[in-house]
$ cat structure.txt   # compact mmCIF, C-alpha atoms
# COMPACT_ATOMS: atom_id res chain seq x y z
CA MET A 1 30.80 17.96 15.54
CA ASP A 2 33.71 18.38 13.11
CA ASP A 3 34.27 16.58 9.80
CA ILE A 4 36.50 13.90 11.30
CA GLN A 5 33.97 13.10 14.01
CA ILE A 6 31.17 12.92 11.46
CA LYS A 7 33.17 10.53 9.26
CA GLU A 8 34.04 8.34 12.25
CA ALA A 9 30.41 8.16 13.32
CA ILE A 10 29.28 7.30 9.77
CA ARG A 11 31.95 4.60 9.58
CA ASN A 12 30.74 3.17 12.87
CA THR A 13 27.10 3.21 11.78
CA LEU A 14 27.83 1.50 8.46
CA SER A 15 29.86 -1.11 10.29
CA VAL A 16 27.02 -1.90 12.69
CA VAL A 17 24.20 -1.87 10.12
CA PHE A 18 26.04 -3.94 7.52
CA GLU A 19 27.73 -6.19 10.13
CA ILE A 20 31.26 -5.69 8.81
CA PRO A 21 34.48 -4.66 10.61
CA GLU A 22 34.87 -0.90 10.96
CA GLU A 23 38.25 -1.04 9.19
CA ASP A 24 36.48 -2.38 6.09
CA VAL A 25 34.47 0.83 5.80
CA THR A 26 36.32 3.53 3.87
CA GLU A 27 35.41 6.81 2.21
CA GLU A 28 35.21 4.81 -1.03
CA SER A 29 32.62 2.39 0.38
CA SER A 30 29.40 2.06 -1.58
CA THR A 31 26.65 -0.37 -2.51
CA ASP A 32 29.14 -1.87 -4.98
CA SER A 33 31.80 -2.64 -2.37
CA ILE A 34 29.65 -3.71 0.60
CA GLU A 35 27.91 -6.98 -0.19
CA ASN A 36 25.35 -6.68 2.63
CA TRP A 37 24.15 -3.26 1.43
CA ASP A 38 20.75 -4.28 0.10
CA SER A 39 17.50 -2.32 -0.04
CA ILE A 40 16.31 -3.53 3.36
CA ARG A 41 19.52 -2.76 5.23
CA HIS A 42 19.58 0.61 3.47
CA LEU A 43 16.33 1.52 5.20
CA ASN A 44 17.84 0.40 8.51
CA LEU A 45 20.89 2.55 7.74
CA ILE A 46 18.76 5.67 7.23
CA ILE A 47 16.99 5.20 10.56
CA ALA A 48 20.31 4.40 12.32
CA LEU A 49 21.95 7.54 10.91
CA GLU A 50 19.01 9.68 12.05
CA GLU A 51 19.34 8.26 15.56
CA GLN A 52 23.13 8.53 15.60
CA PHE A 53 23.18 12.20 14.56
CA GLY A 54 19.81 13.32 15.92
CA VAL A 55 18.76 14.65 12.53
CA SER A 56 15.96 14.09 10.06
CA ILE A 57 17.29 13.00 6.68
CA PRO A 58 15.31 14.64 3.84
CA ASP A 59 13.09 12.03 2.15
CA ASP A 60 14.33 13.11 -1.28
CA ASP A 61 17.89 12.16 -0.29
CA VAL A 62 17.13 8.67 1.06
CA GLY A 63 17.32 6.86 -2.27
CA ASN A 64 20.54 8.64 -3.28
CA MET A 65 22.64 7.88 -0.19
CA LEU A 66 24.33 4.91 -1.79
CA ASN A 67 27.96 5.66 -0.93
CA PHE A 68 30.01 7.04 1.95
CA LYS A 69 30.70 10.41 0.33
CA ILE A 70 27.07 11.24 -0.38
CA ILE A 71 26.07 10.10 3.10
CA LYS A 72 28.70 12.47 4.52
CA ILE A 73 27.34 15.40 2.47
CA VAL A 74 23.72 14.74 3.45
CA ILE A 75 24.55 14.28 7.15
CA SER A 76 26.68 17.43 7.25
CA GLU A 77 23.88 19.44 5.65
CA ALA A 78 21.36 17.96 8.07
CA ILE A 79 23.53 18.80 11.09
CA ASN A 80 24.11 22.35 9.86
CA GLY A 81 20.42 22.79 9.14
CA LYS A 82 19.28 21.65 12.58
CA MET B 1 -24.15 23.51 3.72
CA ILE B 2 -23.95 19.88 4.80
CA LYS B 3 -24.57 19.06 8.44
CA TYR B 4 -23.12 15.56 8.48
CA GLY B 5 -19.87 13.71 8.06
CA VAL B 6 -19.23 10.69 5.86
CA GLY B 7 -17.79 7.81 7.81
CA ILE B 8 -16.90 4.14 7.58
CA VAL B 9 -19.83 2.37 9.24
CA GLY B 10 -19.10 -1.23 8.24
CA THR B 11 -16.23 -3.34 6.93
CA GLY B 12 -15.58 -6.84 5.66
CA HIS B 13 -13.36 -8.91 3.43
CA TYR B 14 -13.06 -12.15 1.51
CA LEU B 15 -10.02 -14.32 0.85
CA PRO B 16 -9.91 -17.34 -1.47
CA ASP B 17 -9.57 -20.85 0.00
CA ASN B 18 -6.27 -21.59 -1.73
CA VAL B 19 -3.29 -20.68 0.50
CA GLN B 20 0.24 -20.70 -0.93
CA SER B 21 3.09 -20.90 1.60
CA ASN B 22 6.62 -19.77 0.84
CA GLU B 23 7.57 -23.44 0.84
CA ASP B 24 4.94 -24.14 -1.83
CA LEU B 25 6.09 -21.19 -3.93
CA CYS B 26 9.74 -22.20 -3.68
CA LYS B 27 8.94 -25.52 -5.35
CA ILE B 28 8.28 -23.41 -8.47
CA LEU B 29 10.59 -20.49 -7.78
CA LEU B 30 13.85 -22.38 -7.55
CA ASP B 31 16.35 -19.53 -7.12
CA VAL B 32 15.05 -18.33 -3.73
CA ASN B 33 14.17 -19.93 -0.40
CA PRO B 34 11.35 -19.28 2.12
CA GLU B 35 13.62 -17.45 4.56
CA TRP B 36 14.83 -15.10 1.81
CA ILE B 37 11.23 -14.18 0.96
CA VAL B 38 10.49 -13.41 4.62
CA SER B 39 13.63 -11.30 5.00
CA LYS B 40 12.91 -9.29 1.85
CA THR B 41 9.17 -8.80 2.28
CA GLY B 42 7.94 -10.16 5.62
CA ILE B 43 5.52 -12.34 3.62
CA LYS B 44 4.99 -15.94 4.77
CA ARG B 45 2.00 -16.93 2.64
CA ARG B 46 -0.37 -15.71 -0.05
CA TYR B 47 -3.98 -16.36 -1.08
CA ILE B 48 -4.39 -17.49 -4.68
CA ALA B 49 -7.79 -17.51 -6.36
CA THR B 50 -9.12 -20.86 -7.50
CA GLU B 51 -10.50 -21.51 -11.00
CA ASP B 52 -14.02 -20.87 -9.68
CA ASP B 53 -13.21 -17.45 -8.17
CA SER B 54 -13.82 -14.17 -9.97
CA ALA B 55 -13.33 -10.53 -9.03
CA SER B 56 -17.08 -9.99 -9.02
CA ASN B 57 -17.81 -13.07 -6.93
CA MET B 58 -15.22 -12.26 -4.28
CA SER B 59 -16.61 -8.71 -4.10
CA ILE B 60 -20.20 -9.90 -3.86
CA LEU B 61 -19.44 -12.39 -1.07
CA ALA B 62 -17.61 -9.76 0.98
CA ALA B 63 -20.13 -6.96 0.33
CA ARG B 64 -23.23 -9.08 0.96
CA LYS B 65 -21.92 -10.00 4.41
CA VAL B 66 -21.26 -6.33 5.21
CA LEU B 67 -24.79 -5.36 4.15
CA GLU B 68 -26.32 -8.15 6.25
CA GLU B 69 -24.25 -7.34 9.32
CA ASN B 70 -25.32 -3.69 9.12
CA ASN B 71 -28.98 -4.36 8.23
CA ILE B 72 -28.67 -2.40 5.00
CA SER B 73 -30.54 -3.53 1.89
CA GLY B 74 -29.21 -3.24 -1.64
CA GLU B 75 -31.86 -0.60 -2.31
CA ASP B 76 -30.24 1.66 0.30
CA ILE B 77 -26.95 1.86 -1.59
CA GLY B 78 -26.49 5.02 -3.65
CA LEU B 79 -23.00 4.35 -4.99
CA ILE B 80 -20.76 1.34 -5.62
CA ALA B 81 -17.11 2.32 -6.14
CA VAL B 82 -14.85 -0.60 -7.02
CA ALA B 83 -11.08 -0.21 -6.97
CA THR B 84 -9.41 -2.86 -9.08
CA PHE B 85 -6.90 -3.51 -11.85
CA SER B 86 -8.09 -7.06 -12.40
CA PRO B 87 -11.85 -6.84 -13.07
CA ASP B 88 -13.77 -9.71 -14.69
CA TYR B 89 -13.76 -8.05 -18.13
CA MET B 90 -12.21 -5.02 -19.81
CA PHE B 91 -15.80 -3.76 -19.78
CA PRO B 92 -18.53 -3.42 -18.67
CA PRO B 93 -17.34 -2.29 -15.23
CA VAL B 94 -17.28 -5.04 -12.61
CA SER B 95 -19.20 -2.63 -10.38
CA ALA B 96 -22.19 -3.11 -12.71
CA LYS B 97 -22.23 -6.85 -12.10
CA ILE B 98 -21.93 -6.28 -8.34
CA GLN B 99 -24.85 -3.83 -8.53
CA LYS B 100 -26.91 -6.45 -10.36
CA GLU B 101 -26.14 -9.34 -8.01
CA LEU B 102 -26.63 -7.32 -4.81
CA LYS B 103 -29.82 -5.76 -6.21
CA CYS B 104 -28.52 -2.25 -5.60
CA THR B 105 -30.83 -0.93 -8.28
CA LYS B 106 -30.54 2.72 -7.22
CA ALA B 107 -26.75 2.74 -7.04
CA GLN B 108 -24.49 4.67 -9.35
CA ILE B 109 -21.49 2.52 -10.29
CA VAL B 110 -17.85 3.30 -10.97
CA ASP B 111 -14.67 1.25 -11.40
CA ILE B 112 -11.48 2.98 -10.31
CA ASN B 113 -7.96 1.97 -11.31
CA THR B 114 -5.15 3.68 -9.45
CA ASN B 115 -3.44 0.34 -8.80
CA CYS B 116 -2.58 -0.36 -5.17
CA THR B 117 -3.71 3.15 -4.12
CA GLY B 118 -7.17 2.26 -5.39
CA PHE B 119 -8.98 1.70 -2.12
CA ILE B 120 -7.87 5.06 -0.72
CA THR B 121 -8.83 6.75 -4.00
CA ALA B 122 -12.24 5.05 -3.96
CA LEU B 123 -12.87 6.01 -0.32
CA THR B 124 -12.14 9.61 -1.21
CA ILE B 125 -14.22 9.71 -4.39
CA ALA B 126 -17.20 8.03 -2.72
CA SER B 127 -17.10 10.31 0.33
CA ASP B 128 -16.75 13.40 -1.89
CA ARG B 129 -19.85 12.31 -3.82
CA MET B 130 -21.79 11.69 -0.60
CA ARG B 131 -20.90 15.11 0.73
CA VAL B 132 -22.18 16.79 -2.43
CA ASP B 133 -25.38 14.76 -2.83
CA GLN B 134 -27.33 14.13 0.38
CA SER B 135 -29.51 11.55 -1.38
CA VAL B 136 -26.54 9.16 -1.46
CA LYS B 137 -27.00 7.82 2.06
CA TYR B 138 -24.74 4.76 1.77
CA SER B 139 -21.89 3.74 -0.51
CA LEU B 140 -20.12 0.45 -0.96
CA VAL B 141 -16.39 0.93 -1.46
CA ILE B 142 -14.82 -2.30 -2.65
CA GLY B 143 -11.21 -3.13 -3.36
CA VAL B 144 -10.82 -6.40 -5.22
CA GLU B 145 -7.95 -8.10 -6.95
CA LEU B 146 -7.55 -11.34 -8.84
CA HIS B 147 -4.22 -10.38 -10.28
CA THR B 148 -2.36 -13.61 -9.59
CA ARG B 149 -3.68 -14.65 -13.01
CA TYR B 150 -1.33 -11.98 -14.40
CA ILE B 151 1.65 -13.16 -12.37
CA ASN B 152 4.40 -15.39 -13.77
CA PRO B 153 4.97 -17.87 -10.91
CA LYS B 154 8.61 -18.14 -11.95
CA ASP B 155 9.25 -14.38 -11.67
CA LYS B 156 10.59 -13.68 -8.19
CA GLU B 157 10.11 -9.90 -8.64
CA THR B 158 6.33 -10.42 -8.56
CA ALA B 159 5.43 -13.97 -7.49
CA ILE B 160 6.67 -13.53 -3.92
CA PHE B 161 4.32 -10.60 -3.27
CA PHE B 162 0.86 -10.92 -4.72
CA SER B 163 -2.40 -12.32 -3.37
CA ASP B 164 -6.06 -12.24 -4.37
CA GLY B 165 -9.00 -11.06 -2.29
CA ALA B 166 -11.60 -8.39 -1.64
CA GLY B 167 -12.03 -5.73 1.04
CA VAL B 168 -15.17 -3.68 1.62
CA ALA B 169 -16.05 -0.48 3.47
CA LEU B 170 -19.64 0.66 3.88
CA LEU B 171 -19.81 4.45 3.99
CA GLY B 172 -22.71 6.22 5.66
CA GLN B 173 -23.70 9.62 7.00
CA VAL B 174 -22.31 10.21 10.50
CA ASP B 175 -22.23 13.09 12.96
CA GLU B 176 -20.73 16.33 11.72
CA GLY B 177 -17.03 16.39 12.59
CA SER B 178 -16.64 12.63 12.23
CA GLY B 179 -15.76 10.58 9.16
CA ILE B 180 -13.36 11.68 6.48
CA ILE B 181 -11.20 14.66 7.38
CA ASN B 182 -9.21 14.96 4.16
CA SER B 183 -7.08 13.09 1.63
CA HIS B 184 -3.97 13.90 -0.31
CA PHE B 185 -2.64 12.39 -3.52
CA LYS B 186 0.60 12.66 -5.42
CA THR B 187 1.74 11.10 -8.68
CA ASP B 188 5.37 10.80 -9.78
CA SER B 189 5.01 9.48 -13.33
CA SER B 190 8.73 9.79 -14.13
CA THR B 191 9.05 6.00 -13.76
CA TYR B 192 5.63 5.22 -15.26
CA GLU B 193 6.87 2.06 -17.01
CA SER B 194 8.46 0.50 -13.92
CA VAL B 195 5.42 -1.52 -12.83
CA ARG B 196 3.12 -2.50 -15.68
CA PHE B 197 0.89 -5.12 -17.24
CA ARG B 198 0.44 -4.46 -20.92
CA GLY B 199 -1.40 -7.50 -22.24
CA GLY B 200 -4.93 -6.87 -23.44
CA GLY B 201 -4.57 -3.10 -23.40
CA SER B 202 -5.41 -1.31 -26.64
CA SER B 203 -1.70 -0.99 -27.46
CA PHE B 204 -1.27 -4.77 -27.12
CA PRO B 205 -4.53 -6.34 -28.31
CA PHE B 206 -4.77 -10.12 -28.40
CA SER B 207 -6.26 -9.96 -31.89
CA LYS B 208 -2.85 -9.09 -33.38
CA ARG B 209 -0.55 -11.50 -31.55
CA SER B 210 -0.16 -14.72 -29.59
CA PHE B 211 0.63 -15.08 -25.87
CA SER B 212 3.92 -13.46 -24.92
CA PRO B 213 5.28 -13.73 -21.36
CA ASP B 214 6.96 -10.34 -21.73
CA ILE B 215 3.60 -8.68 -22.32
CA ASP B 216 1.03 -10.97 -20.72
CA PHE B 217 2.53 -11.13 -17.25
CA MET B 218 2.91 -8.28 -14.80
CA GLU B 219 6.37 -6.67 -14.82
CA MET B 220 7.91 -4.96 -11.83
CA ASN B 221 11.20 -3.11 -11.47
CA GLY B 222 11.74 -3.70 -7.76
CA LEU B 223 14.50 -1.12 -7.35
CA ALA B 224 12.48 1.69 -8.96
CA THR B 225 9.46 0.76 -6.86
CA TRP B 226 11.49 0.72 -3.67
CA LYS B 227 13.06 4.11 -4.42
CA GLN B 228 9.70 5.70 -5.23
CA ALA B 229 8.08 4.31 -2.08
CA VAL B 230 10.78 5.21 0.43
CA THR B 231 11.07 8.71 -1.01
CA ASN B 232 7.44 9.66 -1.51
CA MET B 233 5.45 7.85 1.17
CA PRO B 234 6.79 9.94 4.09
CA ILE B 235 6.54 13.13 2.00
CA LEU B 236 2.91 12.44 1.10
CA ILE B 237 1.88 11.84 4.70
CA LYS B 238 3.68 14.96 5.90
CA ASP B 239 2.03 17.00 3.12
CA LEU B 240 -1.42 15.76 4.12
CA LEU B 241 -0.82 16.56 7.78
CA THR B 242 0.47 20.04 6.90
CA LYS B 243 -2.54 20.67 4.64
CA ILE B 244 -4.98 20.07 7.48
CA SER B 245 -2.80 21.53 10.26
CA MET B 246 -2.41 18.23 12.07
CA ASP B 247 0.64 16.62 13.62
CA ILE B 248 1.65 12.97 13.39
CA ASP B 249 0.96 12.72 17.13
CA ASP B 250 -2.71 13.54 16.38
CA ILE B 251 -2.99 10.21 14.54
CA ASP B 252 -4.22 7.37 16.75
CA PHE B 253 -3.76 4.55 14.27
CA CYS B 254 -2.25 3.98 10.82
CA LEU B 255 -3.10 1.44 8.15
CA PHE B 256 -0.81 1.11 5.17
CA HIS B 257 -1.03 -0.64 1.84
CA GLN B 258 0.37 -4.07 2.69
CA ALA B 259 3.11 -4.24 0.07
CA ASN B 260 6.19 -5.07 2.11
CA LEU B 261 6.66 -5.25 5.87
CA ASN B 262 10.10 -3.66 5.65
CA LEU B 263 8.64 -0.63 3.86
CA ILE B 264 5.89 -0.23 6.46
CA ASN B 265 8.42 -0.48 9.30
CA TYR B 266 10.60 2.11 7.58
CA VAL B 267 7.78 4.61 7.07
CA MET B 268 6.73 4.18 10.71
CA ALA B 269 10.30 4.74 11.94
CA LYS B 270 10.91 7.68 9.58
CA LEU B 271 7.76 9.43 10.80
CA LYS B 272 8.48 8.42 14.40
CA ILE B 273 5.17 6.59 14.77
CA PRO B 274 5.22 4.03 17.59
CA GLY B 275 4.89 0.44 16.40
CA GLU B 276 1.69 -0.16 18.39
CA LYS B 277 -0.10 2.41 16.24
CA THR B 278 -0.38 0.13 13.24
CA TYR B 279 -1.64 -3.32 12.32
CA THR B 280 -0.13 -5.36 9.51
CA ASN B 281 -1.26 -8.54 7.78
CA VAL B 282 1.18 -8.61 4.88
CA GLN B 283 2.98 -11.45 6.67
CA GLU B 284 -0.07 -13.71 6.51
CA ILE B 285 -1.84 -12.42 3.40
CA GLY B 286 0.69 -10.82 1.06
CA ASN B 287 -0.02 -7.89 -1.22
CA CYS B 288 -3.65 -7.81 -2.39
CA GLY B 289 -3.28 -4.76 -4.61
CA SER B 290 -6.34 -2.49 -4.50
CA ALA B 291 -7.94 -4.79 -1.93
CA SER B 292 -5.04 -4.54 0.50
CA VAL B 293 -6.12 -1.48 2.50
CA GLY B 294 -9.72 -2.72 2.64
CA ILE B 295 -8.67 -6.12 3.96
CA VAL B 296 -6.27 -4.76 6.57
CA LEU B 297 -8.96 -2.30 7.70
CA SER B 298 -11.49 -5.12 8.00
CA GLU B 299 -9.09 -7.22 10.09
CA ALA B 300 -8.15 -4.24 12.25
CA MET B 301 -11.84 -3.71 13.02
CA ILE B 302 -12.38 -7.41 13.78
CA PHE B 303 -9.44 -7.41 16.19
CA GLY B 304 -10.58 -4.19 17.89
CA LYS B 305 -7.51 -2.22 16.89
CA ILE B 306 -9.56 0.88 16.01
CA LYS B 307 -11.67 2.42 18.78
CA PRO B 308 -14.57 4.88 18.50
CA GLY B 309 -13.17 8.40 18.30
CA ASN B 310 -9.86 7.27 16.85
CA THR B 311 -8.27 9.32 14.09
CA VAL B 312 -6.96 6.88 11.51
CA LEU B 313 -4.50 7.44 8.68
CA PHE B 314 -4.59 5.31 5.52
CA ALA B 315 -1.61 5.51 3.15
CA GLY B 316 -0.47 3.60 0.12
CA VAL B 317 1.59 3.51 -3.05
CA GLY B 318 0.63 2.09 -6.41
CA ALA B 319 2.02 1.77 -9.93
CA GLY B 320 2.18 4.96 -11.88
CA PHE B 321 3.55 5.85 -9.33
CA ASN B 322 0.51 6.93 -7.37
CA PHE B 323 0.58 7.87 -3.71
CA GLY B 324 -2.55 8.34 -1.62
CA ALA B 325 -3.25 9.13 2.02
CA SER B 326 -6.51 9.81 3.82
CA ILE B 327 -7.43 10.61 7.42
CA TRP B 328 -10.73 9.53 8.99
CA LYS B 329 -12.25 10.03 12.43
CA PHE B 330 -14.09 6.87 13.43
CA THR B 331 -17.36 6.89 15.37
$ encode --input "structure.txt" --output "structure tokens"
Amino acid sequence: MDDIQIKEAIRNTLSVVFEIPEEDVTEESSTDSIENWDSIRHLNLIIALEEQFGVSIPDDDVGNMLNFKIIKIVISEAINGK
Amino acid sequence: MIKYGVGIVGTGHYLPDNVQSNEDLCKILLDVNPEWIVSKTGIKRRYIATEDDSASNMSILAARKVLEENNISGEDIGLIAVATFSPDYMFPPVSAKIQKELKCTKAQIVDINTNCTGFITALTIASDRMRVDQSVKYSLVIGVELHTRYINPKDKETAIFFSDGAGVALLGQVDEGSGIINSHFKTDSSTYESVRFRGGGSSFPFSKRSFSPDIDFMEMNGLATWKQAVTNMPILIKDLLTKISMDIDDIDFCLFHQANLNLINYVMAKLKIPGEKTYTNVQEIGNCGSASVGIVLSEAMIFGKIKPGNTVLFAGVGAGFNFGASIWKFT
């Protein structure tokens, strides 16, 4: 999976979990810009990302994945570490 | 060399008569609605102690029933371990009053405060003691909380969660290989101040001040609590399993501190534990602090969720932040 595919899949997952159009999700998206991004949906996001990419997200990273860019870094590391 | 295990041979619980629905609470808590509380926590109602309730009385009612059901007399009890952060008095320990009222004249007593991890801590301490000293044949492990008297009913960070009640486990000697397998604890004190109740402590004595809502009600930083729990709960459970060379698939059933249904669902999903391997009552009872694990265990036993031979995981998080997990093989 290359970087573009990873970003597209993250964008799709955020769109589904937060129930917003995919075009509203950008690389600048974060808890500040997505109104629905609350603590409960964040937990749903972590589980959805694990299912989407078939990875296990390190528990220490869960609380820090509060914007698109950090999610991308964590997912890329998880894929490479599989 | 001991030739026996220490197992949970009886359970019970007590809840006060006074039930508070989300609708009732929202008459006081005006900036939220019942549906919001359910979506954030899963909680639909709470049990609030009446003026006549006390931590000791709730404990005694629950424990007496457990002793009667198991044909154990007070004289048979070698240890009473009470997990609580809302005892009757600062001292003497509430366990002393329970010892007196249940006529457990031979029992050592100890109060334990590790906040909501208290019941798991008390189970571990009591079973450790019983494995060292064979003369301690039975222990009463009690989790009790009457902490709604510390809760500001207008503070949505706390008022939506907390309930009062007592949960009891009777520990006894069981066949070697059964009973407690091991426990694991972890404390991340970096956010020590995030959940606290300062009033009445020696740094905030009543003799030097008048009532202050900032000090005399429980305070909770919800975001810090959430971050601690989602990070450390899965880590703690994995560390325990690694320590004893077990896999999550070896666990037949899980009982968690009933803090928030969303947190429990997350931990289950993160560890890939099927939903049918747990029982929750946070929806109907709320968060009973140190009593929570004892009460959910008691209900799980009543409803036949735990079968003889099952390997059961208990796990919880409490202020501090304290994390505790323990694995027991039931007989």
$ residues_around --input "structure.txt" --residues "Thr11 in chain B" --least-positions-apart "3" --cutoff "12 Å" --atoms "only C-alpha atoms" --output "PyMOL selection string"
chain B and resi 7-8+14+62-70+139-143+166-172+293-302
$ residues_near_point --input "structure.txt" --point "(22.8, 20.1, 9.6)" --cutoff "10 Å" --atoms "all atoms listed in the file" --output "list in words"
Phe53, Gly54, Val55, Ser56, Ile57, Ile73, Val74, Ile75, Ser76, Glu77, Ala78, Ile79, Asn80, Gly81 and Lys82 of chain A
$ interface_residues --input "structure.txt" --of "chain A" --to "chain B" --cutoff "12 Å" --atoms "only C-alpha atoms" --output "list in words"
Asp38, Ser39, Ile40, Arg41, His42, Leu43, Asn44, Leu45, Ile46, Ile47, Ala48, Leu49, Glu50, Glu51, Val55, Ser56, Ile57, Pro58, Asp59, Asp60, Asp61, Val62, Gly63, Asn64, Met65 and Leu66 of chain A
$ atom_distance --input "structure.txt" --atom1 "CA of Ala325 in chain B" --atom2 "CA of Phe85 in chain B"
19.1 Å
$ residues_around --input "structure.txt" --residues "Arg11 in chain A" --least-positions-apart "2" --cutoff "8 Å" --atoms "only C-alpha atoms" --output "number ranges by chain"
A: 7-9, 13-15, 22, 25-26
$ write_last_selection --input "structure.txt" --atoms "C-alpha atoms" --output "compact mmCIF listing (two decimals), keeping the file's coordinate frame"
# COMPACT_ATOMS: atom_id res chain seq x y z
CA LYS A 7 33.17 10.53 9.26
CA GLU A 8 34.04 8.34 12.25
CA ALA A 9 30.41 8.16 13.32
CA THR A 13 27.10 3.21 11.78
CA LEU A 14 27.83 1.50 8.46
CA SER A 15 29.86 -1.11 10.29
CA GLU A 22 34.87 -0.90 10.96
CA VAL A 25 34.47 0.83 5.80
CA THR A 26 36.32 3.53 3.87
$ decode --input "structure.txt" --residues "range 22-44 of chain A" --atoms "C-alpha atoms" --output "mmCIF file, in the first residue's frame"
data_model
loop_
_atom_site.group_PDB
_atom_site.id
_atom_site.type_symbol
_atom_site.label_atom_id
_atom_site.label_comp_id
_atom_site.auth_asym_id
_atom_site.auth_seq_id
_atom_site.Cartn_x
_atom_site.Cartn_y
_atom_site.Cartn_z
ATOM 1 C CA GLU A 22 -15.260 12.474 2.193
ATOM 2 C CA GLU A 23 -14.404 15.779 0.481
ATOM 3 C CA ASP A 24 -14.623 17.505 3.879
ATOM 4 C CA VAL A 25 -11.738 15.400 5.176
ATOM 5 C CA THR A 26 -8.354 16.907 4.356
ATOM 6 C CA GLU A 27 -4.786 16.428 5.530
ATOM 7 C CA GLU A 28 -5.414 19.392 7.836
ATOM 8 C CA SER A 29 -8.411 17.729 9.505
ATOM 9 C CA SER A 30 -8.267 17.409 13.271
ATOM 10 C CA THR A 31 -10.406 17.372 16.405
ATOM 11 C CA ASP A 32 -10.617 21.156 16.006
ATOM 12 C CA SER A 33 -12.081 21.069 12.500
ATOM 13 C CA ILE A 34 -14.390 18.036 12.716
ATOM 14 C CA GLU A 35 -17.253 18.775 15.074
ATOM 15 C CA ASN A 36 -18.282 15.123 15.514
ATOM 16 C CA TRP A 37 -14.787 14.080 16.631
ATOM 17 C CA ASP A 38 -15.528 13.444 20.299
ATOM 18 C CA SER A 39 -13.974 10.955 22.702
ATOM 19 C CA ILE A 40 -16.484 8.214 21.929
ATOM 20 C CA ARG A 41 -16.186 8.435 18.150
ATOM 21 C CA HIS A 42 -12.416 8.550 18.586
ATOM 22 C CA LEU A 43 -12.529 5.068 20.088
ATOM 23 C CA ASN A 44 -14.683 3.921 17.171
#
